[in-house]
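Asker: Here's a structure for you.
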Amino acid sequence: MSSVDGMAADGGHGDAPEDAVEVDARGLRCPLPVIQLARALDAVPGGQLVRLLATDPAARTDVPAFCRLRGAELLQVSKHGQAPGGHTAYLVRQVSATEPEAVRATPP
Amino acid sequence: MVLPPAVSARAGSAASPARVLLDAASGPLVPSAREVLLTAVDQGWADPRRLYAEARRARQLLDQAREVVASGLGVLPEQLSFLPGGPAAVRAGLEGLRYAGRRVGAGVVASAVEHSAVLLDVQHASAASQPGGRVVAVDRQGRVDLDAWGRAVGEPGTVAAALQSANGEVGTRQPLALAHERCAEHGIPLLVDASASLGRDPVPGQYDVLAGDARSWGGPAGTGVLVVPWRTRWRLPGPASELEGGRTHVEPVVPLVLAAAEAWQQTAHRREADAREAFELVAHIRAAAAALPDTEVAGDPTDRMAHVTTFSCLFADGEVLVDELDRRGFAVASGSACTSSTLAPSHVLAAMGVLTHGNVRVTLPLASVDPRRGESVHSFCAALPDAVATVRSRLQR
């Protein structure tokens, strides 16, 4: 029932730009996909794209919420195939300019 | 309630000092309601429809209980029915509106944070491709989009609408008066689901059908209330029932109803003072949670029920967090997927776009249930940072 506002949810093909770092969190349950995404974003410079693949339905809410909390930019959400077996891809841009003023928890 | 002398009052045994209960959504009972329940098992066991002395006694007690609750809700006793639980009352309330409107259509409009019983009903109707009726989005605080609401109730085929007075998971209140106005403009009756708010917030004034749950005011599980004013067109399908004004086919359990009425009396006369104190205590929890790194506190900070709040911690597993707090003596709920029987997280958090993992939900008990709830909140706030850090550190790379 939840789709991300203003995001394409096409069932299309591999649409991630070539230079995106891919994080495969398929089969992992919450909050592991978000932890892996956070770790990947921490390891890349500002402006870098990261593409997270996840099957957990909770990621549909949690990835956008994570990006909002951490000031990362969620560019695209795309579904690939139907569950079971299908996954959702989240294309996220690291925005280093909005690095935190508050204390951050280190992703474990 | 006038009942024979009860056994000596004592504090609810469930709230032993070692345990801190912060999930009052499902109990325990207000202590005096517990006493009434125990006594009523002896005094009110008989079928109120029989004609002998014990049965007449049960009838008399049931009538008294109905008067107490009806007067508290500001309605006539004949307009109030007791149903087996809050969700049953909500479901019946909606069913009666829909059946009464069946010549026009079958569509029901509901906010995206309604009880799952309501949402399943809406989805069922739309799956059967009945026109009208839809789920209306909420904002980040969980408040319904009034413009979308107004458009939805105006769609052909819509025959009823359902909206909570306030959400039991996040506490946010709905703009009932305005939502009811939009419904009235289109002649659509509004069911107000006050299952989370009765006894905690003022009784809603604008509705066409009102449903509630005795648990929200410290009464027993298994007792719901349904109010259908005379002006509302409402009817259940099937042969007319002789029970509870024709609004249910299930006999009320007299001892439960008596306990619910006792809890209402105890809770209602202290409601405002209780809520004032609860609001401050919950504000304290919200502040403690907001001070944690990478933690999002959900729901409206001020236009909310006094006693409910929820927050989500990034990089934490909700189930593990509930276990960790439980180990430290705190009973809390969670809307995270891992803590429910389904794969999907709380539909309320998802509809609001709030982080669903690492979620903790606090429902503060009434002061009559936990007279030391202030201490409970302070010890919870003190324990929280280390509990969250512990859970986060346990997650493997």
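Scheme for the structure tokens: letters A, B, ... for chains in order shown; per-chain residue numbers from 1; ligand numbers from 1 in order shown.
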With only C-alpha atoms considered, list every residue of chain B at most 7 Å from chain A, as a ChimeraX atom specification.

Answerer: /B:293-294,315-317,344-345,350-351,353-357,392-393,395-397

Asker: Need the shell around stretch 193-209 of chain B: protein/DNA/RNA residues with any atom at most 9 Å away, counting only C-alpha atoms. Skip same-chain ones fewer than 6 positions apart. Format as a CSV table (one decimal) with C-alpha atoms, in the first residue's frame?

Answerer:
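Listed below is the output, part_14.csv:
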chain,number,residue,atom,x,y,z
B,25,ALA,CA,-3.2,-0.4,25.9
B,72,GLY,CA,-20.5,9.6,30.8
B,73,LEU,CA,-20.7,9.6,27.0
B,74,GLY,CA,-23.6,12.1,27.0
B,86,GLY,CA,-13.6,-2.4,20.9
B,87,PRO,CA,-12.8,-3.9,17.5
B,89,ALA,CA,-17.9,-2.4,18.1
B,90,VAL,CA,-16.0,-0.6,15.3
B,93,GLY,CA,-20.7,0.3,13.7
B,94,LEU,CA,-19.4,0.3,10.1
B,97,LEU,CA,-23.9,2.2,8.3
B,114,GLU,CA,-7.5,3.4,11.1
B,115,HIS,CA,-7.7,0.0,12.9
B,162,ALA,CA,-14.5,6.0,9.6
B,163,LEU,CA,-12.0,8.1,11.5
B,164,GLN,CA,-10.3,7.7,14.9
B,165,SER,CA,-10.6,10.4,17.5
B,166,ALA,CA,-6.9,9.8,18.1
B,167,ASN,CA,-4.4,7.1,17.1
B,168,GLY,CA,-3.5,4.6,19.8
B,169,GLU,CA,0.0,4.0,18.5
B,171,GLY,CA,-1.3,9.6,20.0
B,176,LEU,CA,-12.9,15.4,13.9
B,177,ALA,CA,-15.0,18.5,13.7
B,180,HIS,CA,-17.4,15.5,10.2
B,181,GLU,CA,-18.3,18.7,8.5
B,215,ARG,CA,-9.6,-1.0,28.0
B,216,SER,CA,-8.9,2.7,27.1
B,217,TRP,CA,-10.5,3.8,30.4
B,218,GLY,CA,-9.0,1.0,32.5
B,224,GLY,CA,-16.7,-2.5,23.6
B,225,VAL,CA,-19.3,0.3,23.4
B,226,LEU,CA,-21.3,1.3,20.4
B,227,VAL,CA,-23.4,4.5,20.3
B,228,VAL,CA,-26.0,4.9,17.6
B,229,PRO,CA,-28.0,8.2,17.9
B,231,ARG,CA,-30.9,10.4,13.8
B,232,THR,CA,-28.4,7.9,12.3
B,233,ARG,CA,-29.6,5.5,9.7
B,234,TRP,CA,-28.1,2.3,10.9
B,264,TRP,CA,-15.5,4.6,33.8
B,267,THR,CA,-11.4,7.3,35.5
B,268,ALA,CA,-13.9,9.9,34.3
B,271,ARG,CA,-9.6,12.5,33.8
B,272,GLU,CA,-8.4,16.0,33.4
B,274,ASP,CA,-4.7,12.5,35.1
B,275,ALA,CA,-4.2,13.7,31.5
B,305,MET,CA,-3.5,12.1,23.6
B,306,ALA,CA,-1.6,12.7,26.8
B,307,HIS,CA,-0.6,9.1,27.5
B,366,LEU,CA,-3.7,5.6,34.5

Asker: DSSP on the backbone, then: every residue of stretch 275-322 of chain B marked strand (DSSP E), written as a list in words.

Answerer: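 Taking stretch 275-322 of chain B and keeping strand (DSSP E) only, one gets Thr295, Glu296, Val297, Ala298, Val308, Thr309, Thr310, Phe311, Ser312 and Cys313 of chain B.
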
Asker: Tell me, counting only C-alpha atoms, for each residue of stretch 17-45 of chain B within 8 Å of stretch 243-260 of chain B, which pair of atoms is nearest and how far apart they are in Å to one decimal, in rows ordered by chain and increasing number, as CSV.

Answerer:
residue,atom,partner,partner_atom,distance
B:Ala33,CA,B:Ala259,CA,4.7
B:Arg34,CA,B:Ala259,CA,6.7
B:Val36,CA,B:Ala259,CA,5.5
B:Leu37,CA,B:Ala259,CA,5.0
B:Leu38,CA,B:Pro255,CA,7.9
B:Ala40,CA,B:Pro255,CA,4.9
B:Val41,CA,B:Pro255,CA,5.7
B:Gly44,CA,B:Pro255,CA,5.9
B:Trp45,CA,B:Val254,CA,6.9

Asker: Name all residues at most 10 Å from A:Arg93 (count only C-alpha atoms; drop same-chain ones fewer than 5 positions away) and give them as a ChimeraX atom specification.

Answerer: /A:20,41,44-51,67,71-76

Asker: Keeping only all heavy atoms, take the residues you just selected and write them out as a compact mmCIF listing (two decimals), in the first residue's frame.

Answerer:
# COMPACT_ATOMS: atom_id res chain seq x y z
N ALA A 20 27.17 3.64 -9.65
CA ALA A 20 26.59 3.45 -8.31
C ALA A 20 27.25 2.25 -7.62
O ALA A 20 27.45 1.21 -8.22
CB ALA A 20 25.09 3.22 -8.42
N LEU A 41 27.20 4.29 2.68
CA LEU A 41 27.21 5.75 2.50
C LEU A 41 28.37 6.38 3.27
O LEU A 41 28.98 7.35 2.82
CB LEU A 41 25.87 6.35 2.96
CG LEU A 41 24.69 6.10 2.02
CD1 LEU A 41 23.39 6.51 2.70
CD2 LEU A 41 24.84 6.83 0.70
N VAL A 44 31.67 6.38 1.30
CA VAL A 44 31.82 7.04 -0.01
C VAL A 44 31.83 8.55 0.15
O VAL A 44 31.30 9.09 1.12
CB VAL A 44 30.69 6.61 -0.98
CG1 VAL A 44 30.70 5.11 -1.20
CG2 VAL A 44 29.34 7.10 -0.49
N PRO A 45 32.43 9.25 -0.81
CA PRO A 45 32.45 10.71 -0.76
C PRO A 45 31.09 11.32 -1.13
O PRO A 45 30.24 10.63 -1.70
CB PRO A 45 33.50 11.08 -1.82
CG PRO A 45 33.47 9.95 -2.79
CD PRO A 45 33.14 8.72 -1.98
N GLY A 46 30.90 12.60 -0.80
CA GLY A 46 29.68 13.30 -1.15
C GLY A 46 29.43 13.25 -2.64
O GLY A 46 30.36 13.33 -3.43
N GLY A 47 28.16 13.09 -3.03
CA GLY A 47 27.81 13.03 -4.43
C GLY A 47 27.77 11.63 -4.99
O GLY A 47 27.15 11.38 -6.02
N GLN A 48 28.42 10.70 -4.31
CA GLN A 48 28.46 9.31 -4.79
C GLN A 48 27.07 8.66 -4.68
O GLN A 48 26.32 8.89 -3.74
CB GLN A 48 29.47 8.52 -3.95
CG GLN A 48 29.46 7.03 -4.18
CD GLN A 48 30.04 6.64 -5.54
OE1 GLN A 48 31.11 7.10 -5.91
NE2 GLN A 48 29.33 5.80 -6.26
N LEU A 49 26.74 7.83 -5.67
CA LEU A 49 25.47 7.11 -5.66
C LEU A 49 25.65 5.71 -5.07
O LEU A 49 26.68 5.07 -5.30
CB LEU A 49 24.94 6.95 -7.09
CG LEU A 49 24.59 8.27 -7.82
CD1 LEU A 49 24.19 7.96 -9.26
CD2 LEU A 49 23.47 8.99 -7.10
N VAL A 50 24.66 5.28 -4.31
CA VAL A 50 24.64 3.92 -3.77
C VAL A 50 23.31 3.29 -4.14
O VAL A 50 22.26 3.93 -4.04
CB VAL A 50 24.82 3.92 -2.23
CG1 VAL A 50 24.65 2.52 -1.66
CG2 VAL A 50 26.18 4.49 -1.84
N ARG A 51 23.36 2.06 -4.59
CA ARG A 51 22.14 1.37 -4.99
C ARG A 51 21.94 0.18 -4.05
O ARG A 51 22.75 -0.73 -4.00
CB ARG A 51 22.28 0.90 -6.43
CG ARG A 51 21.03 0.29 -7.02
CD ARG A 51 21.25 0.14 -8.52
NE ARG A 51 20.07 -0.34 -9.20
CZ ARG A 51 19.92 -1.58 -9.62
NH1 ARG A 51 20.87 -2.48 -9.41
NH2 ARG A 51 18.82 -1.95 -10.24
N CYS A 67 16.85 8.12 4.87
CA CYS A 67 17.43 9.19 4.06
C CYS A 67 17.01 10.56 4.60
O CYS A 67 17.82 11.48 4.65
CB CYS A 67 16.98 9.05 2.60
SG CYS A 67 17.70 7.60 1.80
N GLY A 71 19.78 12.91 5.96
CA GLY A 71 20.05 13.92 4.95
C GLY A 71 20.63 13.37 3.66
O GLY A 71 21.26 14.10 2.91
N ALA A 72 20.43 12.08 3.41
CA ALA A 72 20.83 11.52 2.12
C ALA A 72 19.67 11.73 1.14
O ALA A 72 18.55 11.96 1.54
CB ALA A 72 21.16 10.04 2.26
N GLU A 73 19.98 11.63 -0.14
CA GLU A 73 18.96 11.93 -1.14
C GLU A 73 18.48 10.64 -1.81
O GLU A 73 19.28 9.93 -2.43
CB GLU A 73 19.57 12.87 -2.18
CG GLU A 73 18.55 13.62 -3.00
CD GLU A 73 19.23 14.56 -4.00
OE1 GLU A 73 20.42 14.91 -3.80
OE2 GLU A 73 18.57 14.92 -4.98
N LEU A 74 17.22 10.36 -1.68
CA LEU A 74 16.65 9.16 -2.31
C LEU A 74 16.18 9.56 -3.71
O LEU A 74 15.24 10.33 -3.87
CB LEU A 74 15.48 8.62 -1.48
CG LEU A 74 14.77 7.38 -2.01
CD1 LEU A 74 15.74 6.22 -2.19
CD2 LEU A 74 13.63 6.98 -1.08
N LEU A 75 16.86 9.03 -4.73
CA LEU A 75 16.59 9.48 -6.10
C LEU A 75 15.53 8.63 -6.78
O LEU A 75 14.74 9.13 -7.58
CB LEU A 75 17.88 9.43 -6.92
CG LEU A 75 19.02 10.32 -6.42
CD1 LEU A 75 20.27 10.07 -7.23
CD2 LEU A 75 18.61 11.78 -6.49
N GLN A 76 15.55 7.34 -6.50
CA GLN A 76 14.64 6.47 -7.25
C GLN A 76 14.36 5.18 -6.48
O GLN A 76 15.24 4.64 -5.82
CB GLN A 76 15.29 6.12 -8.59
CG GLN A 76 14.31 5.45 -9.55
CD GLN A 76 14.98 5.10 -10.86
OE1 GLN A 76 16.06 4.50 -10.88
NE2 GLN A 76 14.35 5.47 -11.96

Asker: What's the separation between atom CA of B:Ala161 and atom CA of B:Ser116, in Å to one decimal place?

Answerer: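 Separating atom CA of B:Ala161 from atom CA of B:Ser116 is a distance of 14.6 Å.
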
Asker: Going by DSSP on the backbone, which bits of stretch 49-201 of chain B are alpha helix (DSSP H)? Write them as a ChimeraX atom specification, please.

Answerer: /B:53-73,86-100,116-127,146-153,176-185

Asker: Can you pull out every residue within 10 Å of stretch 297-304 of chain B, counting only C-alpha atoms, but drop anything in the same chain fewer than 4 positions away, and send it as a ChimeraX atom specification?

Answerer: /B:139-143,166-167,169-175,201,279,282-283,285-291,308-313,349,352-355,359-361

Asker: For B:Ile188, list every protein, DNA or RNA residue within 9 Å, evaluated using only C-alpha atoms, and leave out those in the same chain fewer than 4 positions away; present the list as a list in words.

Answerer: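 My list of contacting residues is Val153, Gly154, Thr158, Val159, Ala160, Ala161, His180, Arg182, Cys183 and Ala184 of chain B.
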
Asker: Next, dump the selected residues to file, keeping only N, CA and C atoms, as an mmCIF file, in the first residue's frame.

Answerer:
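That gives us result.cif:
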data_model
loop_
_atom_site.group_PDB
_atom_site.id
_atom_site.type_symbol
_atom_site.label_atom_id
_atom_site.label_comp_id
_atom_site.auth_asym_id
_atom_site.auth_seq_id
_atom_site.Cartn_x
_atom_site.Cartn_y
_atom_site.Cartn_z
ATOM 1 N N VAL B 153 -15.115 11.492 0.439
ATOM 2 C CA VAL B 153 -16.488 11.281 0.917
ATOM 3 C C VAL B 153 -17.510 11.784 -0.108
ATOM 4 N N GLY B 154 -17.049 12.658 -1.035
ATOM 5 C CA GLY B 154 -17.959 13.165 -2.048
ATOM 6 C C GLY B 154 -18.087 12.270 -3.266
ATOM 7 N N THR B 158 -19.853 6.196 -2.211
ATOM 8 C CA THR B 158 -19.440 6.228 -0.809
ATOM 9 C C THR B 158 -20.689 6.302 0.066
ATOM 10 N N VAL B 159 -20.728 5.439 1.096
ATOM 11 C CA VAL B 159 -21.905 5.458 1.981
ATOM 12 C C VAL B 159 -21.548 5.702 3.439
ATOM 13 N N ALA B 160 -20.277 5.600 3.789
ATOM 14 C CA ALA B 160 -19.898 5.814 5.185
ATOM 15 C C ALA B 160 -18.433 6.192 5.255
ATOM 16 N N ALA B 161 -18.052 6.783 6.386
ATOM 17 C CA ALA B 161 -16.648 7.132 6.615
ATOM 18 C C ALA B 161 -16.286 6.751 8.041
ATOM 19 N N HIS B 180 -15.967 15.734 10.154
ATOM 20 C CA HIS B 180 -17.409 15.489 10.249
ATOM 21 C C HIS B 180 -18.185 16.481 9.392
ATOM 22 N N ARG B 182 -17.109 17.866 6.597
ATOM 23 C CA ARG B 182 -16.964 17.422 5.198
ATOM 24 C C ARG B 182 -17.933 16.277 4.905
ATOM 25 N N CYS B 183 -18.079 15.367 5.851
ATOM 26 C CA CYS B 183 -19.006 14.250 5.669
ATOM 27 C C CYS B 183 -20.435 14.755 5.568
ATOM 28 N N ALA B 184 -20.776 15.671 6.483
ATOM 29 C CA ALA B 184 -22.152 16.174 6.530
ATOM 30 C C ALA B 184 -22.514 16.888 5.230
#
